[in-house]
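Asker: I'm passing along data_12.txt; it holds compact mmCIF, C-alpha atoms.
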```
# COMPACT_ATOMS: atom_id res chain seq x y z
CA MET A 7 13.76 -11.01 7.81
CA LYS A 8 11.32 -8.17 7.37
CA LYS A 9 10.11 -5.97 4.54
CA ILE A 10 9.53 -2.21 4.78
CA ASN A 11 7.59 -0.27 2.11
CA TYR A 12 8.37 3.29 1.05
CA THR A 13 7.25 5.89 -1.47
CA ILE A 14 9.97 8.10 -2.94
CA SER A 15 9.52 11.18 -5.12
CA GLY A 16 10.84 10.66 -8.65
CA PHE A 17 11.10 12.81 -11.77
CA ASN A 18 8.36 15.47 -11.98
CA ALA A 19 7.42 14.38 -8.43
CA LEU A 20 5.88 11.14 -9.68
CA PRO A 21 5.89 8.65 -6.79
CA MET A 22 8.19 5.64 -6.90
CA ALA A 23 7.11 2.64 -4.86
CA ALA A 24 10.05 0.95 -3.10
CA ASP A 25 10.61 -1.77 -0.56
CA LEU A 26 13.52 -2.86 1.60
CA THR A 27 14.08 -6.45 2.70
CA ILE A 28 16.42 -6.80 5.68
CA PRO A 29 17.47 -9.50 8.11
CA VAL A 30 15.80 -9.26 11.50
CA ASP A 31 19.26 -9.19 13.08
CA LEU A 32 21.22 -6.26 11.65
CA SER A 33 24.36 -6.97 13.65
CA ASN A 34 25.99 -8.97 10.83
CA ILE A 35 24.65 -7.04 7.87
CA LYS A 36 27.18 -6.57 5.09
CA GLY A 37 25.63 -3.69 3.19
CA LEU A 38 22.86 -2.62 0.85
CA VAL A 39 22.01 -3.87 -2.63
CA ILE A 40 19.85 -1.57 -4.80
CA TYR A 41 18.03 -3.15 -7.75
CA ALA A 42 17.06 -1.27 -10.95
CA HIS A 43 14.54 -3.05 -13.19
CA GLY A 44 14.48 -3.00 -16.98
CA ILE A 45 11.98 -1.89 -19.60
CA ASN A 46 8.56 -3.49 -19.14
CA GLY A 47 9.72 -4.50 -15.68
CA PHE A 48 8.92 -3.44 -12.15
CA LYS A 49 10.31 -4.12 -8.71
CA ASP A 50 8.08 -7.15 -8.06
CA TRP A 51 8.39 -8.75 -11.50
CA GLY A 52 9.00 -12.47 -11.70
CA GLY A 53 10.11 -13.53 -8.26
CA MET A 54 12.07 -10.44 -7.24
CA ASN A 55 10.60 -10.71 -3.75
CA LYS A 56 12.13 -14.18 -3.48
CA ILE A 57 15.43 -12.87 -4.77
CA ALA A 58 15.35 -10.07 -2.16
CA GLN A 59 14.86 -12.72 0.51
CA GLU A 60 17.82 -14.72 -0.78
CA PHE A 61 20.07 -11.66 -0.53
CA SER A 62 18.76 -11.05 2.97
CA LYS A 63 19.72 -14.60 3.94
CA GLN A 64 23.26 -13.66 2.89
CA ASP A 65 23.09 -10.66 5.27
CA TRP A 66 22.60 -8.07 2.54
CA ALA A 67 19.73 -5.59 2.72
CA PHE A 68 17.91 -5.39 -0.61
CA LEU A 69 16.17 -2.24 -1.85
CA LYS A 70 14.10 -2.41 -5.02
CA PHE A 71 11.98 0.31 -6.55
CA ASN A 72 9.85 1.25 -9.54
CA PHE A 73 11.22 3.96 -11.79
CA SER A 74 8.93 6.99 -11.87
CA HIS A 75 7.92 6.58 -15.52
CA ASN A 76 7.72 2.79 -15.86
CA GLY A 77 3.91 2.90 -16.01
CA THR A 78 3.17 1.50 -12.57
CA THR A 79 1.81 3.50 -9.63
CA PRO A 80 1.88 2.86 -5.87
CA THR A 81 -1.70 1.59 -6.13
CA HIS A 82 -1.05 -0.44 -9.31
CA LEU A 83 2.28 -2.05 -8.51
CA GLU A 84 2.15 -4.79 -11.15
CA GLU A 85 0.22 -3.07 -13.95
CA PHE A 86 1.25 -0.68 -16.70
CA TYR A 87 -1.51 1.65 -15.58
CA ASN A 88 -0.13 5.14 -16.24
CA LEU A 89 0.60 4.90 -19.96
CA ALA A 90 1.03 8.67 -20.29
CA ALA A 91 4.01 8.44 -17.94
CA TYR A 92 5.25 5.27 -19.67
CA ALA A 93 5.34 7.13 -23.01
CA GLN A 94 7.56 9.81 -21.46
CA ASP A 95 10.16 7.49 -19.95
CA THR A 96 13.77 8.36 -20.85
CA TYR A 97 17.28 7.49 -19.75
CA LEU A 98 17.97 10.87 -18.16
CA LYS A 99 14.74 10.72 -16.16
CA ARG A 100 15.93 7.38 -14.83
CA GLN A 101 19.23 8.99 -13.85
CA PHE A 102 17.27 11.58 -11.89
CA ASP A 103 15.33 8.75 -10.23
CA LEU A 104 18.55 6.97 -9.24
CA ALA A 105 19.87 10.20 -7.70
CA GLN A 106 16.65 10.40 -5.69
CA ILE A 107 17.15 6.84 -4.50
CA PHE A 108 20.63 7.64 -3.21
CA THR A 109 19.36 10.79 -1.50
CA PHE A 110 16.75 8.59 0.16
CA VAL A 111 19.45 6.13 1.25
CA ASP A 112 21.56 8.91 2.76
CA ASP A 113 18.71 10.78 4.44
CA ILE A 114 16.41 8.00 5.58
CA LEU A 115 17.97 4.56 5.60
CA GLU A 116 21.24 5.54 7.24
CA ARG A 117 19.38 7.62 9.81
CA ASP A 118 17.02 4.79 10.68
CA LEU A 119 19.30 1.78 10.29
CA GLY A 120 22.74 3.16 10.91
CA PRO A 121 26.10 1.96 9.64
CA ALA A 122 24.66 -1.11 7.90
CA PHE A 123 24.56 0.84 4.66
CA LYS A 124 28.15 2.03 4.37
CA LYS A 125 28.71 -0.52 1.60
CA ILE A 126 26.37 -0.16 -1.38
CA VAL A 127 26.08 -2.24 -4.56
CA LEU A 128 23.91 -1.45 -7.59
CA ILE A 129 22.26 -4.18 -9.67
CA GLY A 130 20.60 -3.43 -13.01
CA HIS A 131 18.74 -5.82 -15.29
CA SER A 132 18.50 -5.33 -19.07
CA ARG A 133 17.84 -1.63 -19.74
CA GLY A 134 18.31 -1.17 -16.01
CA GLY A 135 21.86 -2.35 -16.63
CA ALA A 136 22.39 0.64 -18.90
CA ASP A 137 20.97 2.87 -16.17
CA VAL A 138 23.40 1.64 -13.52
CA ILE A 139 26.40 1.70 -15.90
CA LEU A 140 25.64 5.36 -16.65
CA ASN A 141 25.28 6.07 -12.93
CA ALA A 142 28.33 4.24 -11.61
CA PRO A 143 31.31 6.36 -12.79
CA GLU A 144 30.06 9.49 -11.02
CA ASN A 145 28.60 7.80 -7.93
CA ALA A 146 31.07 7.97 -5.06
CA ARG A 147 28.67 6.03 -2.81
CA LEU A 148 29.09 2.78 -4.74
CA ASN A 149 31.34 -0.09 -3.69
CA GLY A 150 30.31 -2.53 -6.41
CA LEU A 151 28.24 -2.95 -9.57
CA ILE A 152 26.37 -5.97 -10.95
CA THR A 153 24.61 -6.09 -14.31
CA TRP A 154 22.19 -8.81 -15.38
CA ALA A 155 21.67 -9.23 -19.14
CA SER A 156 22.56 -5.59 -19.70
CA VAL A 157 22.41 -3.81 -23.01
CA ALA A 158 25.66 -2.25 -24.21
CA HIS A 159 24.01 0.80 -25.77
CA ALA A 160 21.34 3.36 -24.89
CA LYS A 161 19.18 2.75 -27.95
CA THR A 162 16.55 0.49 -26.40
CA PRO A 163 13.89 -0.07 -27.62
CA TRP A 164 14.31 1.52 -31.05
CA SER A 165 17.67 0.13 -32.16
CA ASN A 166 16.10 -2.03 -34.89
CA LEU A 167 13.95 0.71 -36.44
CA ASP A 168 14.95 1.72 -39.96
CA PRO A 169 15.12 5.41 -41.05
CA ASP A 170 11.58 5.38 -42.48
CA GLU A 171 10.24 4.04 -39.20
CA ILE A 172 12.16 6.74 -37.30
CA ASP A 173 10.57 9.37 -39.56
CA GLN A 174 7.11 7.95 -38.89
CA TRP A 175 7.86 7.97 -35.17
CA ARG A 176 8.92 11.61 -35.38
CA GLU A 177 5.78 12.54 -37.32
CA LYS A 178 3.36 10.72 -35.01
CA GLY A 179 5.25 11.49 -31.79
CA VAL A 180 4.84 7.90 -30.59
CA PHE A 181 5.15 4.32 -31.68
CA TYR A 182 3.61 1.30 -30.00
CA ARG A 183 5.32 -1.84 -28.84
CA PRO A 184 3.17 -4.89 -28.06
CA ASN A 185 3.60 -6.57 -24.69
CA SER A 186 2.89 -10.26 -25.13
CA ARG A 187 2.23 -10.81 -21.42
CA THR A 188 -0.26 -8.00 -20.79
CA LYS A 189 -1.63 -7.82 -24.38
CA GLN A 190 -1.13 -4.05 -24.30
CA ASP A 191 0.31 -1.83 -27.02
CA LEU A 192 2.73 0.24 -24.95
CA PRO A 193 3.56 3.76 -26.17
CA ILE A 194 7.14 4.93 -26.74
CA GLY A 195 7.35 8.71 -27.04
CA PHE A 196 9.68 10.37 -29.55
CA GLU A 197 11.20 12.31 -26.66
CA LEU A 198 13.29 9.20 -25.95
CA PHE A 199 14.94 9.38 -29.38
CA GLU A 200 15.39 13.16 -29.21
CA GLU A 201 17.09 12.82 -25.84
CA TRP A 202 19.54 10.30 -27.28
CA GLN A 203 20.25 12.52 -30.31
CA ASN A 204 20.97 15.51 -28.09
CA ASN A 205 22.97 13.65 -25.44
CA LYS A 206 24.91 10.96 -27.29
CA ALA A 207 28.10 11.55 -25.32
CA THR A 208 26.32 11.49 -21.98
CA LEU A 209 24.37 8.36 -22.92
CA ASP A 210 27.32 6.43 -24.34
CA ILE A 211 27.27 3.16 -22.38
CA GLU A 212 30.66 2.00 -23.65
CA THR A 213 32.31 5.25 -22.56
CA SER A 214 30.72 4.96 -19.12
CA ALA A 215 31.80 1.32 -18.89
CA ARG A 216 35.42 2.32 -19.50
CA LYS A 217 35.26 4.79 -16.61
CA ILE A 218 34.02 2.31 -13.99
CA GLU A 219 36.73 1.68 -11.40
CA ILE A 220 34.79 -0.24 -8.75
CA PRO A 221 34.43 -4.05 -8.86
CA TRP A 222 31.89 -5.07 -11.51
CA LEU A 223 30.19 -8.38 -12.28
CA ILE A 224 28.72 -8.78 -15.78
CA ALA A 225 26.20 -11.65 -15.74
CA HIS A 226 24.42 -12.86 -18.87
CA GLY A 227 22.67 -15.95 -20.21
CA ASP A 228 24.16 -17.45 -23.36
CA GLU A 229 20.67 -18.08 -24.75
CA ASP A 230 19.35 -14.58 -24.06
CA GLU A 231 16.73 -13.94 -26.73
CA ALA A 232 16.25 -10.23 -25.99
CA VAL A 233 19.78 -8.92 -25.38
CA PHE A 234 22.30 -11.17 -27.10
CA VAL A 235 25.25 -12.34 -25.02
CA LYS A 236 27.61 -10.42 -27.31
CA ASP A 237 26.65 -7.32 -25.31
CA ALA A 238 28.27 -8.87 -22.24
CA TYR A 239 31.50 -9.35 -24.17
CA THR A 240 31.31 -5.79 -25.49
CA LEU A 241 31.08 -4.48 -21.92
CA LYS A 242 33.97 -6.73 -20.87
CA GLU A 243 36.10 -5.33 -23.69
CA CYS A 244 35.34 -1.84 -22.42
CA ASN A 245 36.30 -2.78 -18.86
CA PRO A 246 38.78 -5.67 -18.81
CA GLN A 247 38.87 -5.67 -15.00
CA ALA A 248 35.19 -6.62 -14.80
CA LYS A 249 34.29 -10.18 -13.89
CA VAL A 250 31.98 -12.11 -16.23
CA ALA A 251 29.54 -14.87 -15.38
CA ILE A 252 27.92 -16.52 -18.41
CA ILE A 253 25.00 -18.72 -17.34
CA GLU A 254 24.84 -21.62 -19.77
CA GLY A 255 21.39 -22.10 -21.30
CA ALA A 256 19.87 -19.08 -19.52
CA ASN A 257 17.45 -16.72 -21.23
CA HIS A 258 16.93 -13.00 -20.66
CA THR A 259 15.17 -13.45 -17.31
CA PHE A 260 17.27 -16.39 -16.12
CA GLY A 261 14.27 -18.70 -16.24
CA ARG A 262 11.87 -16.48 -14.31
CA VAL A 263 8.40 -15.51 -15.54
CA HIS A 264 5.65 -13.28 -14.24
CA PRO A 265 3.62 -14.00 -12.24
CA PHE A 266 6.11 -16.03 -10.25
CA LYS A 267 4.75 -19.20 -8.69
CA GLY A 268 6.35 -21.70 -6.39
CA ASP A 269 8.84 -21.54 -3.56
CA ALA A 270 12.06 -22.19 -5.47
CA LEU A 271 13.77 -20.00 -8.04
CA PRO A 272 14.56 -21.57 -11.44
CA ALA A 273 17.96 -23.24 -11.72
CA HIS A 274 19.38 -20.47 -13.92
CA SER A 275 18.35 -17.80 -11.41
CA GLN A 276 19.95 -19.84 -8.65
CA GLN A 277 23.17 -19.97 -10.67
CA LEU A 278 22.93 -16.22 -11.21
CA LEU A 279 22.59 -15.59 -7.48
CA ALA A 280 25.48 -17.91 -6.70
CA ALA A 281 27.69 -15.83 -9.00
CA CYS A 282 26.44 -12.65 -7.32
CA PHE A 283 27.10 -13.94 -3.82
CA ASN A 284 30.62 -15.04 -4.76
CA PHE A 285 31.25 -11.57 -6.16
CA LEU A 286 29.85 -9.84 -3.08
CA ALA A 287 31.92 -12.01 -0.77
CA ALA A 288 35.08 -10.57 -2.32
CA LEU A 289 34.14 -6.90 -1.81
```
Just give me the structure of the file as structure tokens.

Answerer:
Amino acid sequence: MKKINYTISGFNALPMAADLTIPVDLSNIKGLVIYAHGINGFKDWGGMNKIAQEFSKQDWAFLKFNFSHNGTTPTHLEEFYNLAAYAQDTYLKRQFDLAQIFTFVDDILERDLGPAFKKIVLIGHSRGGADVILNAPENARLNGLITWASVAHAKTPWSNLDPDEIDQWREKGVFYRPNSRTKQDLPIGFELFEEWQNNKATLDIETSARKIEIPWLIAHGDEDEAVFVKDAYTLKECNPQAKVAIIEGANHTFGRVHPFKGDALPAHSQQLLAACFNFLAAL
């Protein structure tokens, strides 16, 4: 297999680092998987390079990218370096970024690699799950959808703030959320809340979930400490045709941590991939 690096223009022309892992022999390739990371994530977080390789072994190309406003830059791929951009991250900006990714797929990947990419599947983890659920109903290019530990609402990360805290956020224009791994206080701009207030119908995850007509796998750990497994059942209720894979004992990251060390993925991540490969085999 081989890995190709790209830079794609995102919202406000901020660069999005991306990479594509493909089998050396493209003759048997089944299609393209595109991975959308969650909040406080990035394309290389916690063994995603290993996961890309595992998909490649199954004859799926794997494209992962950093959203334009996730705080990383092409020269700081695993650091929340651009905190000004991080503070301005919103759901609709991520929808713009996803549209840019699909333009890139149509204009560049298909030109360079041909018919291998006629079948496309989106994967989203955590808040990235919300992003791909919002994208899927209107995306005619998709053949399948997979969500990992997805939220069932577009109110991350302020859903637990009380009205007084919302007022303080409005007054200050920002609140800070500690990141236990990096020891940073990461800024969340009030623009995120204003966007949700002004676009509640557009950002309604349950409504979008009901509109999804392509095959969908909802994967979740039953010991998820960040997004409780009840969100998986909420999404299933919205879309009864979706398949559900509950990984017993798995946490929010299916056992992975960052930095990732070792050659083997944790058992829960291996179970997650097995469920994904079974789903993909049926497309």

Asker: Please provide the set of residues having any atom within 8 Å of range 167-182 of chain A, restricted to all atoms listed in the file, with same-chain residues fewer than 3 positions apart removed, written as a list in words.

Answerer: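 Surrounding residues, per the criterion: Ala93, Trp164, Asp191, Leu192, Pro193, Ile194, Gly195, Phe196 and Glu197 of chain A.
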
Asker: I'd like the contact shell of range 27-37 of chain A - 12 Å cut-off, all atoms listed in the file, skipping same-chain residues fewer than 2 positions apart - returned as an MDAnalysis selection string.

Answerer: chainID A and resid 7:12 24:25 39:41 54:71 111 115:116 118:128 147:150 283 286:289

Asker: Need to verify the contact set: Ile252 in chain A, 10 Å, all atoms listed in the file, exclusion of same-chain residues closer than 3 positions in sequence. Can you return it as a ChimeraX atom specification?

Answerer: /A:155,224-229,235,238-239,255-256,277-278,281

Asker: May I have the selected residues written with C-alpha atoms, as a PDB file, in the frame of the given file?

Answerer:
```pdb
ATOM      1  CA  ALA A 155      21.670  -9.230 -19.140  1.00  0.00           C
ATOM      2  CA  ILE A 224      28.720  -8.780 -15.780  1.00  0.00           C
ATOM      3  CA  ALA A 225      26.200 -11.650 -15.740  1.00  0.00           C
ATOM      4  CA  HIS A 226      24.420 -12.860 -18.870  1.00  0.00           C
ATOM      5  CA  GLY A 227      22.670 -15.950 -20.210  1.00  0.00           C
ATOM      6  CA  ASP A 228      24.160 -17.450 -23.360  1.00  0.00           C
ATOM      7  CA  GLU A 229      20.670 -18.080 -24.750  1.00  0.00           C
ATOM      8  CA  VAL A 235      25.250 -12.340 -25.020  1.00  0.00           C
ATOM      9  CA  ALA A 238      28.270  -8.870 -22.240  1.00  0.00           C
ATOM     10  CA  TYR A 239      31.500  -9.350 -24.170  1.00  0.00           C
ATOM     11  CA  GLY A 255      21.390 -22.100 -21.300  1.00  0.00           C
ATOM     12  CA  ALA A 256      19.870 -19.080 -19.520  1.00  0.00           C
ATOM     13  CA  GLN A 277      23.170 -19.970 -10.670  1.00  0.00           C
ATOM     14  CA  LEU A 278      22.930 -16.220 -11.210  1.00  0.00           C
ATOM     15  CA  ALA A 281      27.690 -15.830  -9.000  1.00  0.00           C
TER      16      ALA A 281
END
```

Asker: Write out as an MDAnalysis selection string each polymer residue whose atoms come within 10 Å of range 97-107 of chain A, counting all atoms listed in the file; drop sequence neighbours fewer than 6 positions from it.

Answerer: chainID A and resid 14:20 22 24 40 42 69:76 113 133:134 136:138 140:141 145 160:162 198 201:202 205 208:209

Asker: Keeping only C-alpha atoms, write the selected residues to a file as an mmCIF file, keeping the file's coordinate frame.

Answerer:
```
data_model
loop_
_atom_site.group_PDB
_atom_site.id
_atom_site.type_symbol
_atom_site.label_atom_id
_atom_site.label_comp_id
_atom_site.auth_asym_id
_atom_site.auth_seq_id
_atom_site.Cartn_x
_atom_site.Cartn_y
_atom_site.Cartn_z
ATOM 1 C CA ILE A 14 9.970 8.100 -2.940
ATOM 2 C CA SER A 15 9.520 11.180 -5.120
ATOM 3 C CA GLY A 16 10.840 10.660 -8.650
ATOM 4 C CA PHE A 17 11.100 12.810 -11.770
ATOM 5 C CA ASN A 18 8.360 15.470 -11.980
ATOM 6 C CA ALA A 19 7.420 14.380 -8.430
ATOM 7 C CA LEU A 20 5.880 11.140 -9.680
ATOM 8 C CA MET A 22 8.190 5.640 -6.900
ATOM 9 C CA ALA A 24 10.050 0.950 -3.100
ATOM 10 C CA ILE A 40 19.850 -1.570 -4.800
ATOM 11 C CA ALA A 42 17.060 -1.270 -10.950
ATOM 12 C CA LEU A 69 16.170 -2.240 -1.850
ATOM 13 C CA LYS A 70 14.100 -2.410 -5.020
ATOM 14 C CA PHE A 71 11.980 0.310 -6.550
ATOM 15 C CA ASN A 72 9.850 1.250 -9.540
ATOM 16 C CA PHE A 73 11.220 3.960 -11.790
ATOM 17 C CA SER A 74 8.930 6.990 -11.870
ATOM 18 C CA HIS A 75 7.920 6.580 -15.520
ATOM 19 C CA ASN A 76 7.720 2.790 -15.860
ATOM 20 C CA ASP A 113 18.710 10.780 4.440
ATOM 21 C CA ARG A 133 17.840 -1.630 -19.740
ATOM 22 C CA GLY A 134 18.310 -1.170 -16.010
ATOM 23 C CA ALA A 136 22.390 0.640 -18.900
ATOM 24 C CA ASP A 137 20.970 2.870 -16.170
ATOM 25 C CA VAL A 138 23.400 1.640 -13.520
ATOM 26 C CA LEU A 140 25.640 5.360 -16.650
ATOM 27 C CA ASN A 141 25.280 6.070 -12.930
ATOM 28 C CA ASN A 145 28.600 7.800 -7.930
ATOM 29 C CA ALA A 160 21.340 3.360 -24.890
ATOM 30 C CA LYS A 161 19.180 2.750 -27.950
ATOM 31 C CA THR A 162 16.550 0.490 -26.400
ATOM 32 C CA LEU A 198 13.290 9.200 -25.950
ATOM 33 C CA GLU A 201 17.090 12.820 -25.840
ATOM 34 C CA TRP A 202 19.540 10.300 -27.280
ATOM 35 C CA ASN A 205 22.970 13.650 -25.440
ATOM 36 C CA THR A 208 26.320 11.490 -21.980
ATOM 37 C CA LEU A 209 24.370 8.360 -22.920
#
```

Asker: What is the distance, in Å and to one decimal place, between CA of Glu84 in chain A and CA of Asp237 in chain A?

Answerer: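 Answer for the CA of Glu84 in chain A to CA of Asp237 in chain A separation: 28.4 Å.
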
Asker: What is the distance between CA of Thr188 in chain A and CA of Leu26 in chain A, in Å to one decimal?

Answerer: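 Pair CA of Thr188 in chain A / CA of Leu26 in chain A returns 26.8 Å.
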
Asker: Here's a test: counting all atoms listed in the file, identify every protein, DNA and RNA residue with an atom at most 8 Å from (4.2, 4.8, -16.5) in the file's coordinate frame, and state them as a list in words.

Answerer: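 Checking each residue against the 8 Å limit leaves Ser74, His75, Asn76, Gly77, Thr78, Thr79, Phe86, Tyr87, Asn88, Leu89, Ala90, Ala91, Tyr92, Ala93, Gln94 and Asp95 of chain A.
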
Asker: As an exercise, work out the distance from CA of His131 in chain A to CA of Lys206 in chain A in Å and give it to one decimal place.

Answerer: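 The value is 21.5 Å.
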
Asker: When distances are computed from only C-alpha atoms, which of A:Val263, A:Ala142, A:Ile220, A:Val233 shows the smallest separation from Gly47 in chain A?

Answerer: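 So, comparing all the options, the nearest one is A:Val263.
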
Asker: Check the smallest atom-to-atom distance from each of A:Pro221, A:Ile139, A:Pro265, A:Phe108 to Phe48 in chain A using all atoms listed in the file, then report the winner.

Answerer: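 Looking at the shortest contact to Phe48 in chain A, the residue is A:Pro265.
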
Asker: Working from the structure I just supplied, which lacks atoms in range 189-201 of chain A, can you model N, CA and C atoms there and output them as a PDB file, in the frame of the given file?

Answerer:
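For reference, result.pdb as written:
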```
ATOM      1  N   LYS A 189      -0.811  -8.057 -23.179  1.00  0.00           N
ATOM      2  CA  LYS A 189      -1.630  -7.820 -24.380  1.00  0.00           C
ATOM      3  C   LYS A 189      -1.893  -6.338 -24.597  1.00  0.00           C
ATOM      4  N   GLN A 190      -1.006  -5.482 -24.095  1.00  0.00           N
ATOM      5  CA  GLN A 190      -1.130  -4.050 -24.300  1.00  0.00           C
ATOM      6  C   GLN A 190      -0.192  -3.601 -25.419  1.00  0.00           C
ATOM      7  N   ASP A 191      -0.593  -2.539 -26.122  1.00  0.00           N
ATOM      8  CA  ASP A 191       0.310  -1.830 -27.020  1.00  0.00           C
ATOM      9  C   ASP A 191       0.874  -0.652 -26.237  1.00  0.00           C
ATOM     10  N   LEU A 192       2.143  -0.749 -25.860  1.00  0.00           N
ATOM     11  CA  LEU A 192       2.730   0.240 -24.950  1.00  0.00           C
ATOM     12  C   LEU A 192       3.389   1.361 -25.743  1.00  0.00           C
ATOM     13  N   PRO A 193       3.098   2.616 -25.385  1.00  0.00           N
ATOM     14  CA  PRO A 193       3.560   3.760 -26.170  1.00  0.00           C
ATOM     15  C   PRO A 193       4.993   4.175 -25.843  1.00  0.00           C
ATOM     16  N   ILE A 194       5.779   4.421 -26.885  1.00  0.00           N
ATOM     17  CA  ILE A 194       7.140   4.930 -26.740  1.00  0.00           C
ATOM     18  C   ILE A 194       7.185   6.313 -27.363  1.00  0.00           C
ATOM     19  N   GLY A 195       7.353   7.340 -26.544  1.00  0.00           N
ATOM     20  CA  GLY A 195       7.350   8.710 -27.040  1.00  0.00           C
ATOM     21  C   GLY A 195       8.629   9.070 -27.779  1.00  0.00           C
ATOM     22  N   PHE A 196       8.521   9.959 -28.758  1.00  0.00           N
ATOM     23  CA  PHE A 196       9.680  10.370 -29.550  1.00  0.00           C
ATOM     24  C   PHE A 196      10.704  11.127 -28.721  1.00  0.00           C
ATOM     25  N   GLU A 197      10.288  11.630 -27.567  1.00  0.00           N
ATOM     26  CA  GLU A 197      11.200  12.310 -26.660  1.00  0.00           C
ATOM     27  C   GLU A 197      12.415  11.440 -26.326  1.00  0.00           C
ATOM     28  N   LEU A 198      12.199  10.131 -26.256  1.00  0.00           N
ATOM     29  CA  LEU A 198      13.290   9.200 -25.950  1.00  0.00           C
ATOM     30  C   LEU A 198      14.382   9.278 -27.009  1.00  0.00           C
ATOM     31  N   PHE A 199      13.976   9.302 -28.281  1.00  0.00           N
ATOM     32  CA  PHE A 199      14.940   9.380 -29.380  1.00  0.00           C
ATOM     33  C   PHE A 199      15.612  10.750 -29.415  1.00  0.00           C
ATOM     34  N   GLU A 200      14.830  11.801 -29.216  1.00  0.00           N
ATOM     35  CA  GLU A 200      15.390  13.160 -29.210  1.00  0.00           C
ATOM     36  C   GLU A 200      16.426  13.311 -28.100  1.00  0.00           C
ATOM     37  N   GLU A 201      16.136  12.748 -26.948  1.00  0.00           N
ATOM     38  CA  GLU A 201      17.090  12.820 -25.840  1.00  0.00           C
ATOM     39  C   GLU A 201      18.414  12.180 -26.229  1.00  0.00           C
TER      40      GLU A 201
END
```
